[in-house]
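**Q** You'll find run_26.txt just under this line, and it carries compact mmCIF, C-alpha atoms.
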# COMPACT_ATOMS: atom_id res chain seq x y z
CA MET A 1 0.00 0.00 0.00
CA THR A 2 1.18 3.53 -0.79
CA ASP A 3 1.03 6.15 1.93
CA ASP A 4 -0.88 9.15 0.49
CA LYS A 5 -0.88 11.06 3.76
CA VAL A 6 0.28 14.65 3.28
CA LYS A 7 3.53 15.34 5.11
CA ARG A 8 3.63 18.55 7.12
CA ARG A 9 6.17 20.37 9.24
CA LEU A 10 6.63 23.62 11.13
CA THR A 11 9.24 25.78 9.46
CA THR A 12 10.36 29.37 8.96
CA VAL A 13 9.73 30.62 5.44
CA LEU A 14 11.59 33.57 3.91
CA CYS A 15 10.22 35.13 0.73
CA ALA A 16 12.33 37.72 -1.12
CA ASP A 17 11.02 39.53 -4.18
CA VAL A 18 12.40 42.27 -6.44
CA HIS A 19 10.53 45.56 -6.17
CA GLY A 20 9.47 46.91 -9.59
CA TYR A 21 10.95 43.98 -11.52
CA SER A 22 8.82 44.55 -14.64
CA ARG A 23 9.87 48.20 -14.78
CA LEU A 24 13.53 47.23 -14.45
CA MET A 25 13.23 44.63 -17.21
CA GLY A 26 11.52 47.16 -19.46
CA ALA A 27 14.38 49.61 -18.97
CA ASP A 28 17.28 47.15 -19.35
CA GLU A 29 16.60 43.42 -19.78
CA ALA A 30 20.18 42.21 -20.02
CA GLY A 31 21.45 44.40 -17.19
CA THR A 32 18.54 43.49 -14.92
CA LEU A 33 18.98 39.77 -15.52
CA GLY A 34 22.71 40.00 -14.80
CA THR A 35 22.08 41.92 -11.57
CA LEU A 36 19.41 39.42 -10.51
CA ARG A 37 21.79 36.51 -11.04
CA ARG A 38 24.51 38.25 -9.00
CA TYR A 39 22.14 39.02 -6.13
CA ARG A 40 20.67 35.52 -6.16
CA SER A 41 24.15 34.08 -5.82
CA ALA A 42 24.79 36.34 -2.81
CA ILE A 43 21.41 35.38 -1.29
CA ALA A 44 22.13 31.66 -1.75
CA GLY A 45 25.46 32.03 0.04
CA LEU A 46 23.88 33.85 2.99
CA VAL A 47 21.05 31.32 3.24
CA GLU A 48 23.54 28.47 3.36
CA ARG A 49 25.63 30.31 5.97
CA HIS A 50 22.55 30.50 8.22
CA ASP A 51 21.74 26.80 7.81
CA GLY A 52 18.80 27.40 5.50
CA ARG A 53 18.01 26.08 2.04
CA ILE A 54 16.65 27.62 -1.15
CA VAL A 55 13.26 26.04 -1.90
CA ASN A 56 12.34 27.82 -5.10
CA THR A 57 13.42 30.70 -7.34
CA TRP A 58 10.37 31.21 -9.55
CA GLY A 59 10.36 34.48 -11.50
CA ASP A 60 12.20 37.19 -9.61
CA ALA A 61 11.36 35.69 -6.18
CA VAL A 62 13.41 33.55 -3.83
CA ILE A 63 11.77 31.18 -1.33
CA ALA A 64 13.95 29.76 1.45
CA GLU A 65 13.26 27.87 4.67
CA PHE A 66 15.11 27.72 7.97
CA ALA A 67 14.93 25.44 10.97
CA SER A 68 15.77 28.43 13.19
CA VAL A 69 13.60 31.57 13.29
CA VAL A 70 16.49 33.64 14.62
CA GLU A 71 18.77 32.54 11.76
CA ALA A 72 16.06 33.42 9.22
CA VAL A 73 15.71 37.00 10.50
CA GLN A 74 19.47 37.50 10.74
CA CYS A 75 19.85 36.16 7.21
CA ALA A 76 17.17 38.54 5.89
CA VAL A 77 18.89 41.58 7.41
CA GLU A 78 22.27 40.48 6.05
CA ILE A 79 20.74 40.00 2.60
CA GLN A 80 19.47 43.59 2.61
CA GLN A 81 22.83 44.89 3.88
CA GLU A 82 24.75 42.93 1.24
CA ILE A 83 22.53 44.15 -1.61
CA SER A 84 22.72 47.72 -0.31
CA ASN A 85 26.53 47.49 -0.26
CA GLN A 86 26.59 46.25 -3.88
CA VAL A 87 24.49 49.13 -5.19
CA SER A 88 26.86 51.38 -7.12
CA ASP A 89 26.42 54.00 -9.81
CA PRO A 90 23.12 53.37 -11.64
CA PRO A 91 20.38 55.98 -11.09
CA HIS A 92 18.06 55.28 -8.16
CA ALA A 93 15.19 54.49 -10.57
CA HIS A 94 17.20 51.54 -11.94
CA GLN A 95 18.54 50.14 -8.68
CA MET A 96 17.36 46.65 -7.79
CA ARG A 97 15.89 46.41 -4.29
CA PHE A 98 14.39 43.35 -2.63
CA ARG A 99 11.46 43.19 -0.22
CA ILE A 100 11.51 40.33 2.29
CA GLY A 101 8.74 38.68 4.31
CA ILE A 102 9.26 35.99 6.96
CA ASN A 103 6.67 33.72 8.55
CA LEU A 104 6.79 30.83 11.00
CA GLY A 105 4.04 28.39 10.12
CA ASP A 106 2.88 24.93 9.20
CA VAL A 107 3.58 23.85 5.61
CA MET A 108 2.84 20.87 3.39
CA VAL A 109 5.88 19.06 2.04
CA ASP A 110 6.11 17.62 -1.48
CA GLY A 111 9.60 16.34 -2.19
CA SER A 112 11.91 19.34 -1.87
CA ASP A 113 9.07 21.87 -2.26
CA ILE A 114 6.74 23.34 0.38
CA PHE A 115 3.20 24.68 0.07
CA GLY A 116 0.36 26.08 2.15
CA ASP A 117 -0.56 29.14 4.18
CA GLY A 118 2.83 29.13 5.87
CA VAL A 119 4.37 30.01 2.49
CA ASN A 120 1.53 32.25 1.29
CA ILE A 121 1.71 34.46 4.38
CA ALA A 122 5.46 34.98 3.89
CA ALA A 123 4.77 36.02 0.29
CA ARG A 124 2.08 38.50 1.39
CA LEU A 125 4.31 39.92 4.12
CA GLN A 126 7.03 40.79 1.61
CA GLU A 127 4.43 42.85 -0.27
CA LEU A 128 4.03 44.97 2.89
CA ALA A 129 7.77 45.62 3.15
CA GLU A 130 9.46 48.71 1.79
CA PRO A 131 12.14 48.19 -0.88
CA GLY A 132 15.18 47.08 1.08
CA GLY A 133 13.03 46.24 4.11
CA VAL A 134 11.98 43.17 6.09
CA VAL A 135 8.52 42.45 7.53
CA VAL A 136 7.81 39.48 9.81
CA SER A 137 4.66 37.90 11.20
CA ALA A 138 3.69 37.95 14.88
CA SER A 139 4.70 34.28 15.16
CA VAL A 140 8.25 35.24 14.13
CA TYR A 141 8.32 38.32 16.38
CA ASP A 142 7.28 36.28 19.43
CA GLN A 143 10.26 33.98 18.91
CA VAL A 144 13.01 36.50 18.16
CA HIS A 145 12.28 39.95 19.63
CA ASN A 146 14.26 39.21 22.81
CA LYS A 147 17.00 37.18 21.12
CA ILE A 148 18.43 39.57 18.51
CA SER A 149 19.70 43.15 18.57
CA PHE A 150 17.37 44.48 15.88
CA GLY A 151 14.32 46.54 16.74
CA PHE A 152 10.75 46.04 15.58
CA ASP A 153 7.90 48.40 14.68
CA CYS A 154 4.40 47.01 15.01
CA LEU A 155 2.38 47.56 11.82
CA GLY A 156 -0.81 46.23 13.39
CA GLN A 157 -3.16 43.69 11.89
CA GLN A 158 -2.89 43.71 8.11
CA GLN A 159 -5.53 42.49 5.68
CA MET A 160 -3.83 40.39 3.02
CA LYS A 161 -5.09 38.79 -0.16
CA ASN A 162 -6.35 35.18 0.15
CA VAL A 163 -5.04 34.70 3.72
CA ALA A 164 -6.39 35.56 7.16
CA PRO A 165 -5.37 38.94 8.64
CA VAL A 166 -1.96 38.78 10.32
CA ILE A 167 -0.30 41.10 12.83
CA SER A 168 3.03 42.11 11.33
CA TYR A 169 6.24 43.83 12.41
CA ARG A 170 8.86 45.76 10.47
CA VAL A 171 12.48 44.96 11.36
CA THR A 172 14.57 48.03 12.22
CA MET A 173 18.27 48.57 12.83
CA GLY A 174 19.78 51.55 14.60
CA GLY A 175 16.45 53.38 14.67
CA ARG A 176 15.62 52.90 11.00
CA ALA A 177 13.95 50.23 8.91
CA ALA A 178 16.18 47.37 7.79
CA GLY A 179 17.81 48.18 4.49
CA ARG A 180 16.41 51.72 4.13
CA PRO A 181 18.70 54.57 3.09
CA THR A 182 19.19 57.21 5.79
CA SER A 183 17.95 59.86 3.33
CA GLN A 184 14.45 58.50 3.94
CA ALA A 185 14.61 59.37 7.66
CA GLY A 186 11.52 61.56 7.41
CA ALA A 187 9.47 58.78 5.86
CA VAL A 188 10.73 56.36 8.50
CA ALA A 189 9.76 58.74 11.30
CA ALA A 190 6.28 59.17 9.83
CA SER A 191 5.86 55.42 9.50
CA GLU A 192 7.04 54.88 13.08
CA ALA A 193 4.59 57.52 14.29
CA GLY A 194 1.81 55.68 12.46
CA ALA A 195 2.80 52.41 14.10
CA GLN A 196 2.81 54.13 17.50
CA ARG A 197 -0.69 55.49 16.85
CA THR A 198 -1.83 51.98 15.92
CA ARG A 199 -0.45 50.60 19.18
CA SER A 200 -2.01 53.46 21.17
CA ARG A 201 -5.42 52.87 19.63
CA TYR A 202 -5.13 49.16 20.32
CA GLU A 203 -4.12 49.74 23.95
CA ALA A 204 -6.94 52.28 24.48
CA SER A 205 -9.44 49.86 22.98
CA THR A 206 -8.17 47.10 25.27
CA TRP A 207 -8.61 49.25 28.37
CA LEU A 208 -12.11 50.35 27.36
CA THR A 209 -13.09 46.74 26.75
CA PHE A 210 -11.69 45.72 30.15
CA ILE A 211 -13.60 48.50 31.95
CA SER A 212 -16.80 47.67 30.07
CA ASP A 213 -16.49 43.98 30.98
CA GLN A 214 -15.92 44.83 34.65
CA LEU A 215 -18.98 47.10 34.76
CA GLU A 216 -21.13 44.41 33.15
CA ASN A 217 -20.20 42.02 35.96
CA LEU A 218 -21.40 44.46 38.64
CA PRO A 219 -25.03 44.93 39.79
CA ARG A 220 -26.73 47.49 37.55
CA PRO A 221 -27.20 50.19 40.29
CA ILE A 222 -23.51 49.96 41.23
CA ALA A 223 -22.40 50.08 37.57
CA VAL A 224 -24.56 53.16 36.90
CA THR A 225 -23.31 54.83 40.08
CA LEU A 226 -19.65 54.23 39.22
CA THR A 227 -20.14 55.51 35.65
CA VAL A 228 -21.85 58.73 36.78
CA SER A 229 -19.28 59.19 39.56
CA GLY A 230 -16.47 58.88 37.03
CA PHE A 231 -18.00 61.64 34.91
CA LEU A 232 -18.38 63.90 37.95
CA ILE A 233 -14.74 63.36 38.92
CA LEU A 234 -13.58 64.16 35.37
CA ILE A 235 -15.72 67.32 35.29
CA ASN A 236 -14.18 68.43 38.60
CA ILE A 237 -10.65 67.73 37.29
CA PHE A 238 -11.12 69.61 34.02
CA SER A 239 -12.92 72.54 35.66
CA GLY A 240 -10.00 72.99 38.07
CA LEU A 241 -8.93 71.30 41.26
CA HIS A 242 -8.74 74.58 43.20
CA LYS A 243 -12.18 73.63 44.53
CA ILE A 244 -12.95 69.94 45.06
CA TRP A 245 -16.69 69.29 45.11
CA PHE A 246 -17.18 65.85 43.57
CA HIS A 247 -16.95 63.92 46.86
CA TRP A 248 -20.40 64.92 48.11
CA PRO A 249 -22.46 63.91 45.04
CA VAL A 250 -20.30 60.81 44.59
CA ALA A 251 -20.88 59.79 48.22
CA ALA A 252 -24.64 60.27 47.80
CA LEU A 253 -24.66 58.28 44.56
CA LEU A 254 -22.67 55.42 46.11
CA PHE A 255 -25.06 55.31 49.07
CA MET A 256 -28.08 55.15 46.75
CA GLY A 257 -26.44 52.52 44.57
CA ILE A 258 -25.58 50.28 47.52
CA LEU A 259 -29.07 50.72 49.01
CA LEU A 260 -30.79 49.78 45.71
CA THR A 261 -28.52 46.77 45.32
CA VAL A 262 -29.31 45.55 48.84
CA LEU A 263 -33.05 46.03 48.31
CA ARG A 264 -32.95 44.19 44.98
CA HIS A 265 -31.12 41.24 46.48
CA ARG A 266 -33.19 40.81 49.64
CA PRO A 267 -34.40 37.25 50.21
CA ALA A 268 -37.89 36.77 48.83
CA SER A 269 -39.15 35.50 52.25
CA ASP A 270 -38.20 38.81 53.92
CA ALA A 271 -39.98 40.85 51.30
CA ASN A 272 -43.13 38.69 51.53
CA GLY A 273 -43.09 38.98 55.33
CA GLU A 274 -42.93 42.76 55.15
CA ARG A 275 -45.82 42.88 52.69
CA ARG A 276 -47.94 40.64 54.99
CA ARG A 277 -47.18 42.85 58.01
CA SER A 278 -48.10 45.96 56.07
CA ARG A 279 -51.49 44.46 55.08
CA GLU A 280 -52.24 43.52 58.68
As structure tokens, please, write out the structure in this file.
**A**
Amino acid sequence: MTDDKVKRRLTTVLCADVHGYSRLMGADEAGTLGTLRRYRSAIAGLVERHDGRIVNTWGDAVIAEFASVVEAVQCAVEIQQEISNQVSDPPHAHQMRFRIGINLGDVMVDGSDIFGDGVNIAARLQELAEPGGVVVSASVYDQVHNKISFGFDCLGQQQMKNVAPVISYRVTMGGRAAGRPTSQAGAVAASEAGAQRTRSRYEASTWLTFISDQLENLPRPIAVTLTVSGFLILINIFSGLHKIWFHWPVAALLFMGILLTVLRHRPASDANGERRRSRE
């Protein structure tokens, strides 16, 4: 009997792709192909140095896999540094720049090739990267952020074609995105500010959700009392703390809230006894 069971494994997938490859080919086919071959040779050497292997080189892309997540990220940064160092005289419009995405995920294995969402997510992540940059998934970030010297900027949850939304991170070095020229410092700062705003909105939303959940678990009179008291305290703070007046209405509200809660939760036998005594 033949075993048709699909083989799977957990692996780190690196996808590198040339930014604007069609435009480069249209401008200079022979020169672009020669540069691509030279860069692919450099990439293959770095992948081997970090104990990875090249899986595929379809079109202008390179797919590689690594047993170690840390080695994959270090390799990606070194690839961008090596390519940046090889860029010489051609005008910026004709320079070849790679975008790299890295994902840690489950893949299907067919001979020497790998397939599945683990690969597809890496390919989508590279589309989010800037030319010369590296973007990783949250699964990669969780494994490496405290093991390597590079920094990370959270890009938030990104909607990507044909795969589920993934939280992604941009790799940075020395305060700038991996592989970016320092002349783009303004764009980097703006991007970092956007990432910070995304994190701030996420943290604010988390706190509001936590407070809302806590209020829902309280008796309704207490929840209403605490909400109104909070507004009164904020009004007092914003109108100036030279005169503190919120404690009296807050105390009255808390007393009423506790009293209503106690009355609502009285045993039914006590309430019936009171009603019988009142009728007599």
**Q** Which of these, A:Phe238, A:Tyr21, A:Tyr141, A:Phe150, has the shortest distance to Ile167 in chain A once you count only C-alpha atoms?
**A**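 Smallest separation from Ile167 in chain A among the options: A:Tyr141.
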**Q** Hey, can you check how far CA of Ile102 in chain A sits from CA of Val13 in chain A?
**A**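 Pair CA of Ile102 in chain A / CA of Val13 in chain A returns 5.6 Å.
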**Q** Could you list, as a PyMOL selection string, every residue within 10 Å of Ile222 in chain A, counting only C-alpha atoms and ignoring same-chain residues fewer than 4 positions away?
**A** chain A and resi 215+218+226-228+253-261
**Q** What does the distance between CA of Val77 in chain A and CA of Arg99 in chain A come to in Å, to one decimal place?
**A**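 According to the coordinates, CA of Val77 in chain A and CA of Arg99 in chain A are separated by 10.8 Å.
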**Q** Using CA of Phe152 in chain A and CA of Arg97 in chain A as the two end points, give the distance in Å to one decimal.
**A**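 Taking CA of Phe152 in chain A and CA of Arg97 in chain A, their separation equals 20.5 Å.
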**Q** Could you work out an axis-aligned bounding box for all listed atoms of range 254-264 of chain A, with 5 Å added on each of the six sides, and give its centre and edge lengths in Å to one decimal, as lines of an AutoDock Vina configuration file?
**A**
center_x = -27.9
center_y = 49.8
center_z = 46.8
size_x = 20.4
size_y = 21.2
size_z = 14.5
**Q** Using all atoms listed in the file, which protein or nucleic acid residues come within 10 Å of Val163 in chain A? Drop anything in the same chain fewer than 5 positions from it, and give the result as a PyMOL selection string.
**A** chain A and resi 117-118+120-121+124
**Q** Name all residues at most 6 Å from Thr12 in chain A (count only C-alpha atoms; drop same-chain ones fewer than 4 positions away) and give them as number ranges by chain.
**A** A: 65-66, 69, 103-104
**Q** Which residues are close to Ala61 in chain A, i.e. within 10 Å by all atoms listed in the file, leaving aside same-chain residues fewer than 5 positions away? Reply as a list in words.
**A**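 These residues fall inside the cut-off: Cys15, Ala16, Asp17, Val18, His19, Tyr21, Leu36, Arg40, Asn56, Phe98, Arg99, Ile100 and Ala123 of chain A.
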**Q** From the list A:Ile63, A:Val73, A:Ala30, A:Ile83, which residue is nearest Ala42 in chain A when using only C-alpha atoms?
**A**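 Using only C-alpha atoms, Ala42 in chain A sits closest to A:Ile83.
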**Q** Between A:Val140, A:Gln95, A:Ala64, A:Asn85, which has the minimum distance to Arg23 in chain A (counting all atoms listed in the file)?
**A**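 For Arg23 in chain A, the nearest of the given residues is A:Gln95.
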**Q** Counting all atoms listed in the file, figure out which residue out of A:Tyr169, A:Gln143, A:Gln126, A:Ser239 gets nearest to Leu155 in chain A.
**A** A:Tyr169
**Q** Give me the residues within 10 Å of Ser229 in chain A as JSON, numbers by chain, counting only C-alpha atoms and dropping any in the same chain fewer than 6 places off.
**A** {"A": [223, 235, 246, 247, 249, 250, 251, 252, 253, 254]}
**Q** With only C-alpha atoms as the atoms that count, which of A:Asp51, A:Asp113, A:Asp60, A:Glu130 lies nearest to Arg37 in chain A?
**A** A:Asp60
**Q** Kindly indicate which residue among A:Met96, A:Val262, A:Val136, A:Val109 lies nearest to Gly34 in chain A, using only C-alpha atoms for the distances.
**A**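 Among the listed residues, the smallest separation from Gly34 in chain A belongs to A:Met96.
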